[in-house]
There are 2 protein chains.
Amino acid sequence: MDPYCSICWDANRVKLLDQRRLPGEEIYLDITDYREVIEAIRTLAIRGAPAIGVAAAMGAALGALALKTDDPAQYQVRFLDICREIAAARPTAVNLFWALDRMQRVAQDHAGEPVAAIKERLVREAQVMLKEDETICRRMAQAGQILIHDGHRVLTHCNTGALATGGYGTALGVLRAAWEAGKRFSVWVDETRPLLQGARLTTWELGKLGIPYTLIPDGAAAALMSMGRVDLAIVGADRIAANGDAANKIGTYGVAVLARHHGIPFYVAAPLSTFDFTIPDGSHIPVEERAGEEITIIRGMEVAPPGAPALNLAFDVTPNDLISGIITEKGVALPPYSSSIKALRRAAE
Amino acid sequence: MDPYCSICWDANRVKLLDQRRLPGEEIYLDITDYREVIEAIRTLAIRGAPAIGVAAAMGAALGALALKTDDPAQYQVRFLDICREIAAARPTAVNLFWALDRMQRVAQDHAGEPVAAIKERLVREAQVMLKEDETICRRMAQAGQILIHDGHRVLTHCNTGALATGGYGTALGVLRAAWEAGKRFSVWVDETRPLLQGARLTTWELGKLGIPYTLIPDGAAAALMSMGRVDLAIVGADRIAANGDAANKIGTYGVAVLARHHGIPFYVAAPLSTFDFTIPDGSHIPVEERAGEEITIIRGMEVAPPGAPALNLAFDVTPNDLISGIITEKGVALPPYSSSIKALRRAAE
């Protein structure tokens, strides 16, 4: 168990570590209204595709509990509305929609039961999803840790640890499992502008795990690669198309191009819930554009002239041909992805 | 004339725009002691290779004025000591050493004259170098502006405007000349972590010039290139080896690799004083490593856990094969650089 959790369910309340305040303050939000969960997702109090999925499920459970009707048909309709509202919180991470679909299926599958029973089922499902997410992360980490070797200098981008998931982490989970298996290596942490998830969160998690790391500006990764000081890059994902094209935090695609240029393997670690099998390739992934102020104002302080125009694409898409392997809880998919991802999907069914 | 200047000489004082405070405050330091010039260079109150060269010359002039001996031989020795002290301020930009060499040559060429006369010559030389730097920038800009076309979306990294020079700018000077020639285009400004010269200074200068720009995090350049939204990249340089390998602000090399991957031309604009003909290639360029706190603390605010280890390489080196052309005041050098740079050097003699 971690000494912290990104999110948990406690006596019909959601407790959620406010990641906007990390690493300075470790404060848990205590949430009873699903609208506050939406706000927490939107403002990045909780972020990371798997964690967003769990948060959405718990938000839906809060919403389900608060519904005041005893009419099962009306209940279904109103629960669906709540799920739709939550789904609009952020567009890119597919785990959000995946989690809400799953909650809706539970509601629909038990539509004939009394409202109180459905409520109980939804609350239970959200908790199951949290638990499952950690289990899946641990499996993924075991599948991936064989790729990490003693002496490796691993580069990572953004945050993919326990904070980004229901527990343990995706890409950072792989490193954690390797470390727990006794391997000794070090990590280059991209600070990950604009919101500094690397500087604020990944450093904080690696510090707690005792894994040695060095923080770098995003622009320094290329120089370190050219000096032969990076052996492997590993990142998470927010949505992976059927062909393996992967959306992740802005800056990831650049790391992938640089890794290819320098002959460095580039891995993506993500649970199967991050795959969107309905889209053939990455061109269909909607990329969220957030406020320019996230670039021009750093933690409340202006770092550009007032009103400076800034473009804040939250994600970019890495084409499958730059990805050396995709680590999932069902094993590592290797190129050609059209067949290897299909095989993983079959294994999951 | 610009409504601001990076540095000027006024009644035996150096006036220097404190770039650490931009864009929030426009404050000029009023310097009479050469040690304060060293401090200003070290702490980046003034930065940009050509501006550092001018600052070093003016610092040497301040030091020359203050020397209390009337013995010409002793004067030479003590002036040399001052130049050595200034030369230790920063290691990468070769303009610093070039400027001090030139000041020393003036002192030595007139070693037989009375001390008062040498002082006067040195003060004059520093002022000539400021004036020359702006003239050279304007010539470079004219040589380079033919590369900019209507509708271009130009990416630049760090700051290379009037602030980085004695006036007008290098890479930004090229854009400025193109704008003044009536071409209409827009600029993607890399914010340039860790010290945000792009966000703080380039935006400020482009704003004053009326050239439309959009600020982006350094990690977003790759995504924009892959979307076909970048037509050309142009940067400055801090030192260029005889073969065209160019050191510039950390992150530049990554832009060059990405530009190559996407088939986008990548230009370097720098005066001949930035060339170091004594080194055959970029492997001989000393890369300054600055304090990790420049990464972990943004404008006085901690953005990483206390004591988080951070590596702060201030520069990286772009190999000549990634550079489409090097724009100088004597024309644009094209590959193969071994011959084209030699030709420029001959033209300058």
# chains A, B, ... in the order shown; residues from 1 in each chain; ligands from 1

$ closest_atom_pairs --of "chain A" --to "chain B" --cutoff "6 Å" --atoms "only C-alpha atoms" --output "tab-separated table"
residue	atom	partner	partner_atom	distance
A:Pro23	CA	B:Pro305	CA	5.7
A:Ala199	CA	B:Ala304	CA	5.0
A:Arg200	CA	B:Ala304	CA	4.8
A:Thr214	CA	B:Ala310	CA	4.9
A:Leu215	CA	B:Ala310	CA	4.3
A:Ile216	CA	B:Leu311	CA	5.6
A:Gly219	CA	B:Gly251	CA	4.0
A:Ala220	CA	B:Gly251	CA	5.6
A:Ala222	CA	B:Gly254	CA	5.0
A:Ala223	CA	B:Asp316	CA	5.8
A:Ile250	CA	B:Ala220	CA	5.9
A:Gly251	CA	B:Gly219	CA	3.9
A:Gly254	CA	B:Ala222	CA	5.0
A:Val303	CA	B:Arg200	CA	5.9
A:Ala304	CA	B:Arg200	CA	4.8
A:Pro305	CA	B:Pro23	CA	5.7
A:Pro309	CA	B:Thr214	CA	5.1
A:Ala310	CA	B:Leu215	CA	4.3
A:Leu311	CA	B:Ile216	CA	5.7
A:Asp316	CA	B:Ala223	CA	5.8

$ atom_distance --atom1 "CA of Leu155 (chain B)" --atom2 "CA of Arg229 (chain B)"
9.6 Å

$ select_by_dssp --residues "region 98-177 of chain A" --states "helix (DSSP H, G or I)" --output "count of residues only"
53

$ residues_around --residues "region 50-64 of chain B" --least-positions-apart "2" --cutoff "8 Å" --atoms "only C-alpha atoms" --output "PDB file with N, CA, C and O atoms, in the first residue's frame"
ATOM      1  N   SER B   6      19.527  47.002 -24.731  1.00  0.00           N
ATOM      2  CA  SER B   6      20.026  46.015 -23.770  1.00  0.00           C
ATOM      3  C   SER B   6      21.119  46.636 -22.918  1.00  0.00           C
ATOM      4  O   SER B   6      21.234  46.365 -21.733  1.00  0.00           O
ATOM      5  N   ILE B   7      21.929  47.481 -23.554  1.00  0.00           N
ATOM      6  CA  ILE B   7      23.087  48.044 -22.846  1.00  0.00           C
ATOM      7  C   ILE B   7      23.529  49.307 -23.572  1.00  0.00           C
ATOM      8  O   ILE B   7      23.440  49.390 -24.793  1.00  0.00           O
ATOM      9  N   TRP B   9      26.392  53.006 -23.071  1.00  0.00           N
ATOM     10  CA  TRP B   9      27.448  53.691 -22.321  1.00  0.00           C
ATOM     11  C   TRP B   9      27.015  55.134 -22.169  1.00  0.00           C
ATOM     12  O   TRP B   9      26.622  55.768 -23.150  1.00  0.00           O
ATOM     13  N   ASN B  12      30.615  57.581 -18.791  1.00  0.00           N
ATOM     14  CA  ASN B  12      31.448  56.656 -18.024  1.00  0.00           C
ATOM     15  C   ASN B  12      30.679  55.740 -17.062  1.00  0.00           C
ATOM     16  O   ASN B  12      31.187  55.334 -16.014  1.00  0.00           O
ATOM     17  N   ARG B  13      29.457  55.462 -17.400  1.00  0.00           N
ATOM     18  CA  ARG B  13      28.663  54.481 -16.682  1.00  0.00           C
ATOM     19  C   ARG B  13      28.051  53.542 -17.718  1.00  0.00           C
ATOM     20  O   ARG B  13      27.815  53.928 -18.857  1.00  0.00           O
ATOM     21  N   VAL B  14      27.782  52.317 -17.270  1.00  0.00           N
ATOM     22  CA  VAL B  14      27.084  51.375 -18.134  1.00  0.00           C
ATOM     23  C   VAL B  14      25.630  51.318 -17.698  1.00  0.00           C
ATOM     24  O   VAL B  14      25.339  51.091 -16.518  1.00  0.00           O
ATOM     25  N   THR B  32      28.962  51.273 -12.417  1.00  0.00           N
ATOM     26  CA  THR B  32      30.243  51.981 -12.528  1.00  0.00           C
ATOM     27  C   THR B  32      31.421  51.050 -12.267  1.00  0.00           C
ATOM     28  O   THR B  32      32.556  51.402 -12.564  1.00  0.00           O
ATOM     29  N   ASP B  33      31.165  49.893 -11.696  1.00  0.00           N
ATOM     30  CA  ASP B  33      32.231  48.960 -11.330  1.00  0.00           C
ATOM     31  C   ASP B  33      32.180  47.744 -12.254  1.00  0.00           C
ATOM     32  O   ASP B  33      31.121  47.136 -12.431  1.00  0.00           O
ATOM     33  N   TYR B  34      33.332  47.356 -12.820  1.00  0.00           N
ATOM     34  CA  TYR B  34      33.318  46.226 -13.769  1.00  0.00           C
ATOM     35  C   TYR B  34      32.851  44.944 -13.103  1.00  0.00           C
ATOM     36  O   TYR B  34      32.336  44.049 -13.761  1.00  0.00           O
ATOM     37  N   ARG B  35      33.033  44.834 -11.780  1.00  0.00           N
ATOM     38  CA  ARG B  35      32.600  43.611 -11.085  1.00  0.00           C
ATOM     39  C   ARG B  35      31.075  43.463 -11.132  1.00  0.00           C
ATOM     40  O   ARG B  35      30.554  42.367 -11.134  1.00  0.00           O
ATOM     41  N   VAL B  37      29.380  44.377 -13.695  1.00  0.00           N
ATOM     42  CA  VAL B  37      29.107  43.871 -15.050  1.00  0.00           C
ATOM     43  C   VAL B  37      29.252  42.346 -15.048  1.00  0.00           C
ATOM     44  O   VAL B  37      28.416  41.626 -15.611  1.00  0.00           O
ATOM     45  N   ILE B  38      30.304  41.860 -14.402  1.00  0.00           N
ATOM     46  CA  ILE B  38      30.492  40.399 -14.308  1.00  0.00           C
ATOM     47  C   ILE B  38      29.262  39.765 -13.659  1.00  0.00           C
ATOM     48  O   ILE B  38      28.724  38.764 -14.149  1.00  0.00           O
ATOM     49  N   ILE B  41      26.346  39.651 -15.991  1.00  0.00           N
ATOM     50  CA  ILE B  41      26.474  38.597 -17.006  1.00  0.00           C
ATOM     51  C   ILE B  41      26.177  37.240 -16.373  1.00  0.00           C
ATOM     52  O   ILE B  41      25.423  36.436 -16.911  1.00  0.00           O
ATOM     53  N   ILE B  46      21.976  40.544 -18.132  1.00  0.00           N
ATOM     54  CA  ILE B  46      22.166  40.679 -19.581  1.00  0.00           C
ATOM     55  C   ILE B  46      22.583  39.317 -20.114  1.00  0.00           C
ATOM     56  O   ILE B  46      23.330  38.600 -19.460  1.00  0.00           O
ATOM     57  N   ARG B  47      22.006  38.915 -21.252  1.00  0.00           N
ATOM     58  CA  ARG B  47      22.326  37.620 -21.841  1.00  0.00           C
ATOM     59  C   ARG B  47      22.134  37.720 -23.350  1.00  0.00           C
ATOM     60  O   ARG B  47      21.676  38.746 -23.850  1.00  0.00           O
ATOM     61  N   GLY B  48      22.483  36.628 -24.040  1.00  0.00           N
ATOM     62  CA  GLY B  48      22.505  36.682 -25.500  1.00  0.00           C
ATOM     63  C   GLY B  48      23.948  36.908 -25.906  1.00  0.00           C
ATOM     64  O   GLY B  48      24.564  37.886 -25.464  1.00  0.00           O
ATOM     65  N   ALA B  66      39.028  52.750 -14.093  1.00  0.00           N
ATOM     66  CA  ALA B  66      39.206  52.797 -12.637  1.00  0.00           C
ATOM     67  C   ALA B  66      40.631  52.486 -12.199  1.00  0.00           C
ATOM     68  O   ALA B  66      40.993  52.720 -11.037  1.00  0.00           O
ATOM     69  N   LEU B  67      41.437  51.931 -13.110  1.00  0.00           N
ATOM     70  CA  LEU B  67      42.807  51.559 -12.718  1.00  0.00           C
ATOM     71  C   LEU B  67      43.592  52.794 -12.280  1.00  0.00           C
ATOM     72  O   LEU B  67      43.597  53.806 -12.975  1.00  0.00           O
ATOM     73  N   PHE B  79      45.230  45.548 -16.558  1.00  0.00           N
ATOM     74  CA  PHE B  79      44.077  45.500 -17.465  1.00  0.00           C
ATOM     75  C   PHE B  79      43.833  44.062 -17.940  1.00  0.00           C
ATOM     76  O   PHE B  79      42.689  43.602 -18.024  1.00  0.00           O
ATOM     77  N   ILE B  82      41.950  42.191 -15.324  1.00  0.00           N
ATOM     78  CA  ILE B  82      40.522  42.525 -15.337  1.00  0.00           C
ATOM     79  C   ILE B  82      39.811  41.750 -16.452  1.00  0.00           C
ATOM     80  O   ILE B  82      38.745  41.170 -16.244  1.00  0.00           O
ATOM     81  N   CYS B  83      40.436  41.720 -17.622  1.00  0.00           N
ATOM     82  CA  CYS B  83      39.831  40.993 -18.748  1.00  0.00           C
ATOM     83  C   CYS B  83      39.694  39.515 -18.404  1.00  0.00           C
ATOM     84  O   CYS B  83      38.679  38.887 -18.731  1.00  0.00           O
ATOM     85  N   ILE B  86      36.721  39.048 -16.158  1.00  0.00           N
ATOM     86  CA  ILE B  86      35.450  39.147 -16.895  1.00  0.00           C
ATOM     87  C   ILE B  86      35.237  37.886 -17.727  1.00  0.00           C
ATOM     88  O   ILE B  86      34.122  37.365 -17.820  1.00  0.00           O
ATOM     89  N   ALA B  87      36.320  37.369 -18.315  1.00  0.00           N
ATOM     90  CA  ALA B  87      36.218  36.195 -19.191  1.00  0.00           C
ATOM     91  C   ALA B  87      35.668  34.981 -18.438  1.00  0.00           C
ATOM     92  O   ALA B  87      35.107  34.066 -19.035  1.00  0.00           O
ATOM     93  N   ALA B  93      29.351  31.217 -24.579  1.00  0.00           N
ATOM     94  CA  ALA B  93      29.289  32.223 -25.653  1.00  0.00           C
ATOM     95  C   ALA B  93      30.691  32.725 -25.948  1.00  0.00           C
ATOM     96  O   ALA B  93      31.365  33.293 -25.092  1.00  0.00           O
ATOM     97  N   ASN B  95      31.539  35.080 -27.937  1.00  0.00           N
ATOM     98  CA  ASN B  95      31.579  36.532 -28.126  1.00  0.00           C
ATOM     99  C   ASN B  95      32.225  37.233 -26.935  1.00  0.00           C
ATOM    100  O   ASN B  95      32.858  38.277 -27.091  1.00  0.00           O
ATOM    101  N   LEU B  96      32.045  36.656 -25.754  1.00  0.00           N
ATOM    102  CA  LEU B  96      32.657  37.197 -24.539  1.00  0.00           C
ATOM    103  C   LEU B  96      34.169  37.276 -24.705  1.00  0.00           C
ATOM    104  O   LEU B  96      34.787  38.329 -24.466  1.00  0.00           O
ATOM    105  N   PHE B  97      34.782  36.182 -25.146  1.00  0.00           N
ATOM    106  CA  PHE B  97      36.243  36.124 -25.280  1.00  0.00           C
ATOM    107  C   PHE B  97      36.698  36.956 -26.481  1.00  0.00           C
ATOM    108  O   PHE B  97      37.719  37.631 -26.431  1.00  0.00           O
ATOM    109  N   TRP B  98      35.910  36.897 -27.532  1.00  0.00           N
ATOM    110  CA  TRP B  98      36.211  37.667 -28.733  1.00  0.00           C
ATOM    111  C   TRP B  98      36.276  39.158 -28.392  1.00  0.00           C
ATOM    112  O   TRP B  98      37.196  39.871 -28.787  1.00  0.00           O
ATOM    113  N   ALA B  99      35.293  39.634 -27.617  1.00  0.00           N
ATOM    114  CA  ALA B  99      35.233  41.059 -27.269  1.00  0.00           C
ATOM    115  C   ALA B  99      36.418  41.444 -26.385  1.00  0.00           C
ATOM    116  O   ALA B  99      37.024  42.510 -26.560  1.00  0.00           O
ATOM    117  N   LEU B 100      36.746  40.578 -25.444  1.00  0.00           N
ATOM    118  CA  LEU B 100      37.853  40.897 -24.538  1.00  0.00           C
ATOM    119  C   LEU B 100      39.190  40.858 -25.274  1.00  0.00           C
ATOM    120  O   LEU B 100      40.070  41.691 -25.014  1.00  0.00           O
ATOM    121  N   MET B 103      39.542  44.126 -26.976  1.00  0.00           N
ATOM    122  CA  MET B 103      39.904  45.195 -26.033  1.00  0.00           C
ATOM    123  C   MET B 103      41.390  45.092 -25.651  1.00  0.00           C
ATOM    124  O   MET B 103      42.093  46.106 -25.576  1.00  0.00           O
ATOM    125  N   LYS B 119      43.143  54.654 -21.791  1.00  0.00           N
ATOM    126  CA  LYS B 119      41.800  54.605 -21.193  1.00  0.00           C
ATOM    127  C   LYS B 119      40.766  55.133 -22.179  1.00  0.00           C
ATOM    128  O   LYS B 119      39.719  54.526 -22.409  1.00  0.00           O
ATOM    129  N   LEU B 122      40.110  52.721 -24.960  1.00  0.00           N
ATOM    130  CA  LEU B 122      39.336  51.534 -24.564  1.00  0.00           C
ATOM    131  C   LEU B 122      37.852  51.879 -24.408  1.00  0.00           C
ATOM    132  O   LEU B 122      36.979  51.111 -24.811  1.00  0.00           O
ATOM    133  N   VAL B 123      37.605  53.039 -23.819  1.00  0.00           N
ATOM    134  CA  VAL B 123      36.209  53.472 -23.671  1.00  0.00           C
ATOM    135  C   VAL B 123      35.575  53.647 -25.049  1.00  0.00           C
ATOM    136  O   VAL B 123      34.440  53.214 -25.285  1.00  0.00           O
ATOM    137  N   GLU B 125      36.536  52.180 -27.850  1.00  0.00           N
ATOM    138  CA  GLU B 125      36.417  50.880 -28.518  1.00  0.00           C
ATOM    139  C   GLU B 125      35.135  50.149 -28.077  1.00  0.00           C
ATOM    140  O   GLU B 125      34.418  49.565 -28.893  1.00  0.00           O
ATOM    141  N   ALA B 126      34.850  50.210 -26.782  1.00  0.00           N
ATOM    142  CA  ALA B 126      33.641  49.526 -26.283  1.00  0.00           C
ATOM    143  C   ALA B 126      32.398  50.125 -26.931  1.00  0.00           C
ATOM    144  O   ALA B 126      31.460  49.406 -27.293  1.00  0.00           O
ATOM    145  N   GLN B 127      32.404  51.439 -27.080  1.00  0.00           N
ATOM    146  CA  GLN B 127      31.248  52.081 -27.698  1.00  0.00           C
ATOM    147  C   GLN B 127      31.156  51.755 -29.189  1.00  0.00           C
ATOM    148  O   GLN B 127      30.059  51.555 -29.719  1.00  0.00           O
ATOM    149  N   MET B 129      32.112  48.996 -30.465  1.00  0.00           N
ATOM    150  CA  MET B 129      31.647  47.607 -30.563  1.00  0.00           C
ATOM    151  C   MET B 129      30.129  47.513 -30.423  1.00  0.00           C
ATOM    152  O   MET B 129      29.482  46.690 -31.074  1.00  0.00           O
ATOM    153  N   LEU B 130      29.571  48.349 -29.557  1.00  0.00           N
ATOM    154  CA  LEU B 130      28.103  48.382 -29.430  1.00  0.00           C
ATOM    155  C   LEU B 130      27.472  48.798 -30.763  1.00  0.00           C
ATOM    156  O   LEU B 130      26.562  48.140 -31.265  1.00  0.00           O
ATOM    157  N   ASP B 133      27.865  46.233 -33.422  1.00  0.00           N
ATOM    158  CA  ASP B 133      27.024  45.051 -33.239  1.00  0.00           C
ATOM    159  C   ASP B 133      25.649  45.273 -33.855  1.00  0.00           C
ATOM    160  O   ASP B 133      25.104  44.398 -34.523  1.00  0.00           O
ATOM    161  N   LEU B 163      17.365  42.725 -27.424  1.00  0.00           N
ATOM    162  CA  LEU B 163      17.801  42.454 -26.059  1.00  0.00           C
ATOM    163  C   LEU B 163      19.049  41.581 -26.003  1.00  0.00           C
ATOM    164  O   LEU B 163      19.848  41.681 -25.071  1.00  0.00           O
ATOM    165  N   ALA B 164      19.186  40.680 -26.969  1.00  0.00           N
ATOM    166  CA  ALA B 164      20.283  39.712 -26.954  1.00  0.00           C
ATOM    167  C   ALA B 164      21.524  40.236 -27.645  1.00  0.00           C
ATOM    168  O   ALA B 164      22.526  39.535 -27.738  1.00  0.00           O
ATOM    169  N   THR B 165      21.436  41.468 -28.127  1.00  0.00           N
ATOM    170  CA  THR B 165      22.517  42.024 -28.955  1.00  0.00           C
ATOM    171  C   THR B 165      22.738  43.489 -28.574  1.00  0.00           C
ATOM    172  O   THR B 165      22.120  43.994 -27.633  1.00  0.00           O
ATOM    173  N   GLY B 166      23.591  44.152 -29.344  1.00  0.00           N
ATOM    174  CA  GLY B 166      23.742  45.588 -29.173  1.00  0.00           C
ATOM    175  C   GLY B 166      22.566  46.346 -29.778  1.00  0.00           C
ATOM    176  O   GLY B 166      22.436  47.555 -29.616  1.00  0.00           O
ATOM    177  N   PRO B 271      26.366  36.502 -35.823  1.00  0.00           N
ATOM    178  CA  PRO B 271      27.449  37.279 -36.428  1.00  0.00           C
ATOM    179  C   PRO B 271      28.740  36.455 -36.474  1.00  0.00           C
ATOM    180  O   PRO B 271      28.863  35.449 -35.764  1.00  0.00           O
ATOM    181  N   SER B 273      31.388  37.069 -35.139  1.00  0.00           N
ATOM    182  CA  SER B 273      32.042  37.052 -33.826  1.00  0.00           C
ATOM    183  C   SER B 273      31.612  35.843 -32.994  1.00  0.00           C
ATOM    184  O   SER B 273      32.212  35.552 -31.964  1.00  0.00           O
ATOM    185  N   THR B 274      30.569  35.130 -33.436  1.00  0.00           N
ATOM    186  CA  THR B 274      30.098  33.947 -32.717  1.00  0.00           C
ATOM    187  C   THR B 274      30.834  32.686 -33.178  1.00  0.00           C
ATOM    188  O   THR B 274      30.717  31.628 -32.582  1.00  0.00           O
TER     189      THR B 274
END

$ select_by_dssp --residues "region 81-290 of chain B" --states "strand (DSSP E or B)" --output "ChimeraX atom specification"
/B:153-156,186-190,213-216,232-235,239-241,246-249,266-269,275-276,289-290

$ residues_around --residues "Tyr75 (chain A)" --least-positions-apart "3" --cutoff "10 Å" --atoms "only C-alpha atoms" --output "PyMOL selection string"
chain A and resi 64+67-72+78-81+107+111+114-115+118-119

$ atom_distance --atom1 "CA of Cys8 (chain A)" --atom2 "CA of Val268 (chain A)"
26.1 Å
